[in-house]
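S.K.: Pasting a structure here, questions to come.
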Amino acid sequence: MLWSFRLELTHGLRTKKLWIMVAVMLLIYIPIVYLLKTHTGNLTTGDIMGTVTGSLSSGVLFFLGIVAIVMGSTLINDDIEKGTVTIALSKPVTRHGYYLGRFAGQAVAVLVALFMASAVFLIAMRVIGIPVAGGVVVQVVLLTLLLFLAMIQLLALGHVISVFIRSHLASIGAAIGVFFLIYLIIPGAITTVAVLRSLNHQPVVNFNNNTTTTKTTGHLSYTQLLEEYYTRYAFYSPTAQVNVIMLNTEDQNGYVGIAHAVRKRWVNLVLLLVMTAVYSGLALWRFRRMDLR
Amino acid sequence: MATIVIENLEKRYKDVKALNGLNLNVPEGRIYGFLGPNGAGKSTTIMSMLGIVRPNSGRIELLGREVFNDGLKEGNLVKAKARIGYMPEHATLWDFLTPLQTLDIIGLAYGIPKIERAKRARELLEMVGLWDDRNRKVGKFSKGMRQKLLLAQALVNDPDLLILDEPMNGLDPRGIVEFKEIIRRQKEEGKTVFFSSHILAHVEEVCDTVGVIVKGKLRLEDTIDNVKREFLERGGYVILVETNKPVDFTGTGWKVETRGENRYVIRANSDVREQVYDVVTAQGAKILQMKVKTPSLEEIFLKVVE
């Protein structure tokens, strides 16, 4: 396992995908830094982090999510196409050790990319004169770790694709399709339902007499409904789970921090971890049974 | 002791039976040529041995360890693989690494200490003639250079069993000569080499034992000398006779071809030299010359495959 971890880490740190990831994050951070710069002087940790989490939950999750799932979706099939898997597995390594080592290597490479981009972001803020207090650093680190959990789940989801689709080009297409489904289409549908229900008039058409009645949803607000529905119906989508946690970084009093949001929405954090294990378990199960030629 | 034992191995790819009850026995210290036409199951056999493809049933024993018996025994396979070197037919190495890094990371897989890895990498790169290119990325290598590096990586652990799948594809004539020398050296050191190839001249020159696989089944397995002897006896005699009328071989059961005037090629199932002499002299003819036609491995191969 350690062997394939080292091999993958060496590969991961040299791959263009990693640098694309860093570049994407930095491109998203530029407008944030610019926005913060215009308000220099009276910024609190809450102001800074409110701006950062708002931008990250949309931009970074989208662009990095695509990169992560595509990275994952070529892990095994690309190896089979090139034949490097036959070299690797002719050595005294087990299949599960090989897969888990490579997964760990990819995960660390992603973590390095995320921390690199975050470090550049913090340095850039400091350079342009925004007060970077210890609180901001802690929040940025926690945010990076949260994003990392989402990214490794997307990697694992990509691995599932890579062990079921033998052509690496077809698997990239499938990965992008799956990503749009779990990032845009399903959350979009869920959001629509939440909006309708939060307006307290969910239309129910009665086809027998062609009339429409409404149902009430009790006391739940739009945000509460969204959180509940994302948790219940989009538990397999890491971006949806991160968004739920991000929604809780602020309350009526303003920014309360990522640790607070995670404590409040621990179920979503558990879902992130559990679904990562489920996806990687499925990929491993399939990989152990495959003919790798 | 046998280095490789395969019993009743079966492997199906959907509707295609790639291995159909294959039996194989490779004694220790031999250079074993594994022959067969395209699609006969050569690569599937090798990949089954290494656990890269999963056979459906049968038994495989490598270096005294049972690695498959109607199911994979991964612990035994990993231990056996620690003493095996493998050079695949169609493979690229990791393009982002240099030859030095490649051999270092492969050495790491075998648990070789760092200093020893560096020493071994140098030895092997010098042996295959890639030392001067040690810091170039493998992605920029020609096919021949990649083949050489593939051989080097197969030797990192100084294996007791070296498995080579079509190893000479892409090598220039000089590379082929060097390659054969390396294989011979393995034999001198008492190592076993399992060598799959379709270039029969190479097998004939390098191997001492051959196995011919056809449609997933072993059709022939013996030392090259025995195989040739057997096929020689079954094979042909060219005779030149002095006679006024054609010699009549009717009733002998031999296959006789007439080649020009007074020249015959006789094929029989056993050594029939004495009987040929009797038949010819009984008809008042005289044998001027009798030549034993030695079959090449290629002819034997074609006969077996047919």
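Chains: A, B, ... in order of the structure tokens. Residues: from 1 per chain. Ligands: from 1, in order shown.
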For segment 25-32 of chain A, list every protein, DNA or RNA residue within 8 Å, evaluated using only C-alpha atoms, and leave out those in the same chain fewer than 4 positions away; present the list as a compact mmCIF listing (two decimals) with N, CA and C atoms, in the first residue's frame.

M.R.:
# COMPACT_ATOMS: atom_id res chain seq x y z
N MET A 21 -6.06 22.44 -10.69
CA MET A 21 -6.82 22.62 -9.45
C MET A 21 -6.34 23.86 -8.69
N LEU A 36 -12.46 42.15 -0.94
CA LEU A 36 -12.06 42.46 0.44
C LEU A 36 -11.20 43.72 0.49
N THR A 51 -17.53 36.28 3.00
CA THR A 51 -17.25 36.48 1.57
C THR A 51 -16.61 35.22 0.97
N VAL A 52 -15.63 34.67 1.72
CA VAL A 52 -14.90 33.51 1.20
C VAL A 52 -15.83 32.31 1.03
N SER A 55 -18.28 32.57 -1.89
CA SER A 55 -17.70 32.38 -3.22
C SER A 55 -17.29 30.93 -3.43
N LEU A 56 -16.73 30.34 -2.36
CA LEU A 56 -16.21 28.98 -2.51
C LEU A 56 -17.31 27.96 -2.74
N GLY A 59 -18.21 28.58 -6.76
CA GLY A 59 -17.12 28.42 -7.74
C GLY A 59 -16.20 27.25 -7.51
N VAL A 60 -15.63 27.19 -6.32
CA VAL A 60 -14.61 26.16 -6.08
C VAL A 60 -15.22 24.76 -6.13
N LEU A 64 -13.47 22.60 -8.94
CA LEU A 64 -12.63 21.57 -8.34
C LEU A 64 -13.33 20.21 -8.36
N LEU A 114 -5.04 21.97 -2.47
CA LEU A 114 -5.97 22.85 -1.75
C LEU A 114 -5.22 23.75 -0.77
N ALA A 117 -3.20 26.49 -2.56
CA ALA A 117 -4.04 27.61 -3.00
C ALA A 117 -4.48 28.46 -1.81
N VAL A 120 -1.59 30.61 -0.63
CA VAL A 120 -1.39 31.76 -1.54
C VAL A 120 -2.46 32.82 -1.27
N PHE A 121 -3.67 32.38 -1.02
CA PHE A 121 -4.78 33.30 -0.74
C PHE A 121 -4.50 34.11 0.53

S.K.: Which residues of chain A sit at most 6 Å from chain B, using only C-alpha atoms? Give each one's shortest atom pair and distance in Å (one decimal place), in chain and ascending residue order, as CSV.

M.R.:
residue,atom,partner,partner_atom,distance
A:Trp3,CA,B:Ala109,CA,5.8
A:Lys82,CA,B:Thr92,CA,5.9
A:Gly83,CA,B:Ala91,CA,4.3
A:Thr84,CA,B:Leu93,CA,5.8
A:Ser90,CA,B:Leu50,CA,5.9
A:Lys91,CA,B:Lys81,CA,5.8
A:Pro92,CA,B:Val78,CA,4.5
A:Asp291,CA,B:Val53,CA,4.2
A:Leu292,CA,B:Ile52,CA,5.5

S.K.: With N, CA and C atoms retained, export the selected residues as an mmCIF file, in the first residue's frame.

M.R.:
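Listing of result38.cif after writing:
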data_model
loop_
_atom_site.group_PDB
_atom_site.id
_atom_site.type_symbol
_atom_site.label_atom_id
_atom_site.label_comp_id
_atom_site.auth_asym_id
_atom_site.auth_seq_id
_atom_site.Cartn_x
_atom_site.Cartn_y
_atom_site.Cartn_z
ATOM 1 N N TRP A 3 3.785 1.473 -1.136
ATOM 2 C CA TRP A 3 4.465 1.557 -2.419
ATOM 3 C C TRP A 3 3.589 2.285 -3.448
ATOM 4 N N LYS A 82 -2.874 1.561 -20.467
ATOM 5 C CA LYS A 82 -1.428 1.735 -20.669
ATOM 6 C C LYS A 82 -0.658 0.455 -20.357
ATOM 7 N N GLY A 83 -1.225 -0.384 -19.549
ATOM 8 C CA GLY A 83 -0.551 -1.632 -19.180
ATOM 9 C C GLY A 83 0.297 -1.491 -17.924
ATOM 10 N N THR A 84 0.327 -0.317 -17.332
ATOM 11 C CA THR A 84 1.146 -0.137 -16.123
ATOM 12 C C THR A 84 0.613 -0.986 -14.955
ATOM 13 N N SER A 90 2.432 -7.272 -10.969
ATOM 14 C CA SER A 90 3.355 -8.416 -11.039
ATOM 15 C C SER A 90 4.355 -8.338 -9.884
ATOM 16 N N LYS A 91 4.318 -7.238 -9.154
ATOM 17 C CA LYS A 91 5.188 -7.069 -7.979
ATOM 18 C C LYS A 91 4.452 -7.599 -6.740
ATOM 19 N N PRO A 92 5.181 -7.820 -5.659
ATOM 20 C CA PRO A 92 4.506 -8.391 -4.479
ATOM 21 C C PRO A 92 3.591 -7.398 -3.769
ATOM 22 N N ASP A 291 -10.634 -8.582 -14.460
ATOM 23 C CA ASP A 291 -9.505 -9.043 -15.266
ATOM 24 C C ASP A 291 -8.806 -7.787 -15.768
ATOM 25 N N LEU A 292 -7.550 -7.635 -15.388
ATOM 26 C CA LEU A 292 -6.882 -6.351 -15.668
ATOM 27 C C LEU A 292 -6.048 -6.429 -16.945
#

S.K.: Segment 112-211 of chain A: which residues are alpha helix (DSSP H) by DSSP, as a ChimeraX atom specification?

M.R.: /A:112-127,134-164,168-180,186-198

S.K.: Next, write the just-selected residues to a file, as a compact mmCIF listing (two decimals), in the first residue's frame, keeping C-alpha atoms as the atom set.

M.R.:
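result.txt, written as the output of this step:
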# COMPACT_ATOMS: atom_id res chain seq x y z
CA VAL A 112 -1.55 19.61 -1.16
CA ALA A 113 -3.23 21.51 -4.02
CA LEU A 114 -5.97 22.85 -1.75
CA PHE A 115 -3.55 23.95 0.95
CA MET A 116 -1.22 25.49 -1.60
CA ALA A 117 -4.04 27.61 -3.00
CA SER A 118 -5.26 28.55 0.48
CA ALA A 119 -1.76 29.56 1.55
CA VAL A 120 -1.39 31.76 -1.54
CA PHE A 121 -4.78 33.30 -0.74
CA LEU A 122 -3.78 34.12 2.84
CA ILE A 123 -0.44 35.54 1.72
CA ALA A 124 -2.14 37.64 -0.95
CA MET A 125 -4.54 39.09 1.66
CA ARG A 126 -1.64 39.91 3.94
CA VAL A 127 0.32 41.51 1.11
CA GLY A 134 -5.36 33.78 13.65
CA GLY A 135 -9.12 33.30 13.46
CA VAL A 136 -9.13 33.78 9.70
CA VAL A 137 -6.27 31.30 9.28
CA VAL A 138 -8.12 28.70 11.36
CA GLN A 139 -11.32 29.24 9.39
CA VAL A 140 -9.51 28.96 6.04
CA VAL A 141 -7.82 25.74 7.19
CA LEU A 142 -11.15 24.26 8.34
CA LEU A 143 -12.77 25.29 5.10
CA THR A 144 -9.97 23.68 3.13
CA LEU A 145 -10.39 20.45 5.09
CA LEU A 146 -14.13 20.49 4.45
CA LEU A 147 -13.55 20.98 0.73
CA PHE A 148 -11.00 18.18 0.89
CA LEU A 149 -13.62 15.77 2.28
CA ALA A 150 -15.92 16.63 -0.62
CA MET A 151 -13.07 16.20 -3.11
CA ILE A 152 -12.08 12.75 -1.83
CA GLN A 153 -15.67 11.62 -2.08
CA LEU A 154 -15.70 12.81 -5.69
CA LEU A 155 -12.42 10.98 -6.27
CA ALA A 156 -13.99 7.79 -4.88
CA LEU A 157 -17.08 8.29 -7.05
CA GLY A 158 -14.72 8.69 -10.01
CA HIS A 159 -13.03 5.40 -9.04
CA VAL A 160 -16.39 3.63 -9.25
CA ILE A 161 -16.71 4.93 -12.81
CA SER A 162 -13.13 3.94 -13.62
CA VAL A 163 -13.67 0.29 -12.65
CA PHE A 164 -16.93 -0.08 -14.55
CA HIS A 168 -10.74 6.22 -20.08
CA LEU A 169 -12.23 8.73 -22.55
CA ALA A 170 -15.72 7.28 -22.09
CA SER A 171 -15.25 7.37 -18.33
CA ILE A 172 -14.31 11.07 -18.42
CA GLY A 173 -17.57 11.74 -20.28
CA ALA A 174 -19.51 9.65 -17.78
CA ALA A 175 -17.80 11.42 -14.85
CA ILE A 176 -18.78 14.85 -16.17
CA GLY A 177 -22.33 13.60 -16.70
CA VAL A 178 -22.55 12.19 -13.18
CA PHE A 179 -21.10 15.39 -11.75
CA PHE A 180 -23.70 17.56 -13.46
CA ILE A 186 -30.68 16.76 -8.54
CA PRO A 187 -29.92 19.67 -6.15
CA GLY A 188 -31.78 21.96 -8.57
CA ALA A 189 -34.86 19.76 -8.42
CA ILE A 190 -34.61 19.51 -4.63
CA THR A 191 -34.23 23.29 -4.32
CA THR A 192 -37.32 23.81 -6.45
CA VAL A 193 -39.33 21.52 -4.21
CA ALA A 194 -37.99 23.29 -1.12
CA VAL A 195 -38.88 26.71 -2.54
CA LEU A 196 -42.40 25.60 -3.40
CA ARG A 197 -42.98 24.02 -0.03
CA SER A 198 -41.48 26.92 1.88

S.K.: My list of candidates is B:Asn226, B:Met145, B:Ala201, B:Val128. Which is closest to Phe179 of chain B when distances are computed with only C-alpha atoms?

M.R.: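 The answer is B:Val128, which sits nearest to Phe179 of chain B.
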
S.K.: List every residue of segment 62-264 of chain A that DSSP, applied to the backbone of this structure, places in strand (DSSP E), and write the result as a PyMOL selection string.

M.R.: chain A and resi 202-206+211-215+250-251+254-255

S.K.: How about saving the chosen residues, N, CA and C atoms kept, as a PDB file, in the first residue's frame?

M.R.:
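Result file out.pdb:
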ATOM      1  N   GLN A 202     -47.665  24.089  -1.678  1.00  0.00           N
ATOM      2  CA  GLN A 202     -47.239  23.101  -2.644  1.00  0.00           C
ATOM      3  C   GLN A 202     -48.460  22.686  -3.453  1.00  0.00           C
ATOM      4  N   PRO A 203     -48.473  22.968  -4.737  1.00  0.00           N
ATOM      5  CA  PRO A 203     -49.664  22.623  -5.505  1.00  0.00           C
ATOM      6  C   PRO A 203     -49.823  21.109  -5.684  1.00  0.00           C
ATOM      7  N   VAL A 204     -51.004  20.631  -5.406  1.00  0.00           N
ATOM      8  CA  VAL A 204     -51.318  19.218  -5.635  1.00  0.00           C
ATOM      9  C   VAL A 204     -52.495  19.172  -6.593  1.00  0.00           C
ATOM     10  N   VAL A 205     -52.240  18.634  -7.752  1.00  0.00           N
ATOM     11  CA  VAL A 205     -53.303  18.612  -8.762  1.00  0.00           C
ATOM     12  C   VAL A 205     -54.161  17.377  -8.557  1.00  0.00           C
ATOM     13  N   ASN A 206     -55.439  17.601  -8.505  1.00  0.00           N
ATOM     14  CA  ASN A 206     -56.359  16.479  -8.422  1.00  0.00           C
ATOM     15  C   ASN A 206     -56.889  16.233  -9.826  1.00  0.00           C
ATOM     16  N   THR A 211     -58.880  19.979 -10.189  1.00  0.00           N
ATOM     17  CA  THR A 211     -58.696  21.103  -9.270  1.00  0.00           C
ATOM     18  C   THR A 211     -57.319  21.033  -8.629  1.00  0.00           C
ATOM     19  N   THR A 212     -56.859  22.150  -8.115  1.00  0.00           N
ATOM     20  CA  THR A 212     -55.563  22.182  -7.446  1.00  0.00           C
ATOM     21  C   THR A 212     -55.756  22.605  -5.996  1.00  0.00           C
ATOM     22  N   THR A 213     -55.166  21.814  -5.097  1.00  0.00           N
ATOM     23  CA  THR A 213     -55.220  22.185  -3.678  1.00  0.00           C
ATOM     24  C   THR A 213     -53.806  22.458  -3.194  1.00  0.00           C
ATOM     25  N   THR A 214     -53.610  22.968  -2.012  1.00  0.00           N
ATOM     26  CA  THR A 214     -52.266  23.212  -1.470  1.00  0.00           C
ATOM     27  C   THR A 214     -52.082  22.484  -0.148  1.00  0.00           C
ATOM     28  N   LYS A 215     -50.794  22.167   0.117  1.00  0.00           N
ATOM     29  CA  LYS A 215     -50.447  21.482   1.367  1.00  0.00           C
ATOM     30  C   LYS A 215     -49.578  22.413   2.175  1.00  0.00           C
ATOM     31  N   GLU A 250     -23.399  30.798   9.108  1.00  0.00           N
ATOM     32  CA  GLU A 250     -23.954  32.088   9.542  1.00  0.00           C
ATOM     33  C   GLU A 250     -25.311  31.868  10.188  1.00  0.00           C
ATOM     34  N   ASP A 251     -25.604  32.655  11.232  1.00  0.00           N
ATOM     35  CA  ASP A 251     -26.967  32.666  11.774  1.00  0.00           C
ATOM     36  C   ASP A 251     -27.425  34.122  11.881  1.00  0.00           C
ATOM     37  N   GLY A 254     -24.786  36.667  12.499  1.00  0.00           N
ATOM     38  CA  GLY A 254     -23.657  36.797  11.570  1.00  0.00           C
ATOM     39  C   GLY A 254     -22.859  35.518  11.480  1.00  0.00           C
ATOM     40  N   TYR A 255     -21.558  35.641  11.103  1.00  0.00           N
ATOM     41  CA  TYR A 255     -20.711  34.478  10.873  1.00  0.00           C
ATOM     42  C   TYR A 255     -20.368  33.778  12.199  1.00  0.00           C
TER      43      TYR A 255
END

S.K.: So what do you get for atom CA of Glu181 of chain B versus atom CA of Leu103 of chain B, distance-wise?

M.R.: 21.1 Å

S.K.: Considering only C-alpha atoms, can you say which of A:Ala107, A:Val262, A:Met1, A:Val274 comes closest to Phe235 of chain A?

M.R.: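 Answer, going by the shortest atom-to-atom distance: A:Val274.
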
S.K.: When you draw a straight line from atom CA of Ile66 of chain A to atom CA of Thr86 of chain A, how long is it in Å?

M.R.: 28.5 Å

S.K.: Do a neighbour search on segment 259-261 of chain B at 10 Å with only C-alpha atoms, toss out local chain neighbours closer than 4 positions, and write the hits as a VMD selection string.

M.R.: chain B and resid 238 to 243 245 to 246 265

S.K.: Store the residues of this selection in a file with N, CA and C atoms, as a PDB file, in the first residue's frame.

M.R.:
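Output file again.pdb follows:
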ATOM      1  N   VAL B 238      14.886 -38.246 -47.370  1.00  0.00           N
ATOM      2  CA  VAL B 238      14.975 -37.981 -48.814  1.00  0.00           C
ATOM      3  C   VAL B 238      15.924 -39.032 -49.385  1.00  0.00           C
ATOM      4  N   ILE B 239      15.425 -39.821 -50.323  1.00  0.00           N
ATOM      5  CA  ILE B 239      16.320 -40.849 -50.891  1.00  0.00           C
ATOM      6  C   ILE B 239      16.495 -40.615 -52.387  1.00  0.00           C
ATOM      7  N   LEU B 240      17.699 -40.919 -52.856  1.00  0.00           N
ATOM      8  CA  LEU B 240      18.009 -40.831 -54.286  1.00  0.00           C
ATOM      9  C   LEU B 240      18.352 -42.250 -54.720  1.00  0.00           C
ATOM     10  N   VAL B 241      17.610 -42.762 -55.686  1.00  0.00           N
ATOM     11  CA  VAL B 241      17.831 -44.166 -56.074  1.00  0.00           C
ATOM     12  C   VAL B 241      18.303 -44.270 -57.530  1.00  0.00           C
ATOM     13  N   GLU B 242      18.989 -45.364 -57.788  1.00  0.00           N
ATOM     14  CA  GLU B 242      19.404 -45.643 -59.171  1.00  0.00           C
ATOM     15  C   GLU B 242      18.529 -46.796 -59.633  1.00  0.00           C
ATOM     16  N   THR B 243      17.690 -46.533 -60.611  1.00  0.00           N
ATOM     17  CA  THR B 243      16.730 -47.560 -61.038  1.00  0.00           C
ATOM     18  C   THR B 243      16.257 -47.286 -62.468  1.00  0.00           C
ATOM     19  N   LYS B 245      13.068 -48.223 -63.441  1.00  0.00           N
ATOM     20  CA  LYS B 245      11.620 -47.952 -63.348  1.00  0.00           C
ATOM     21  C   LYS B 245      11.318 -47.342 -61.964  1.00  0.00           C
ATOM     22  N   PRO B 246      10.211 -46.643 -61.860  1.00  0.00           N
ATOM     23  CA  PRO B 246       9.893 -46.023 -60.571  1.00  0.00           C
ATOM     24  C   PRO B 246       9.736 -47.073 -59.461  1.00  0.00           C
ATOM     25  N   VAL B 265      10.626 -38.396 -51.319  1.00  0.00           N
ATOM     26  CA  VAL B 265      10.568 -37.954 -49.909  1.00  0.00           C
ATOM     27  C   VAL B 265       9.577 -38.883 -49.210  1.00  0.00           C
TER      28      VAL B 265
END
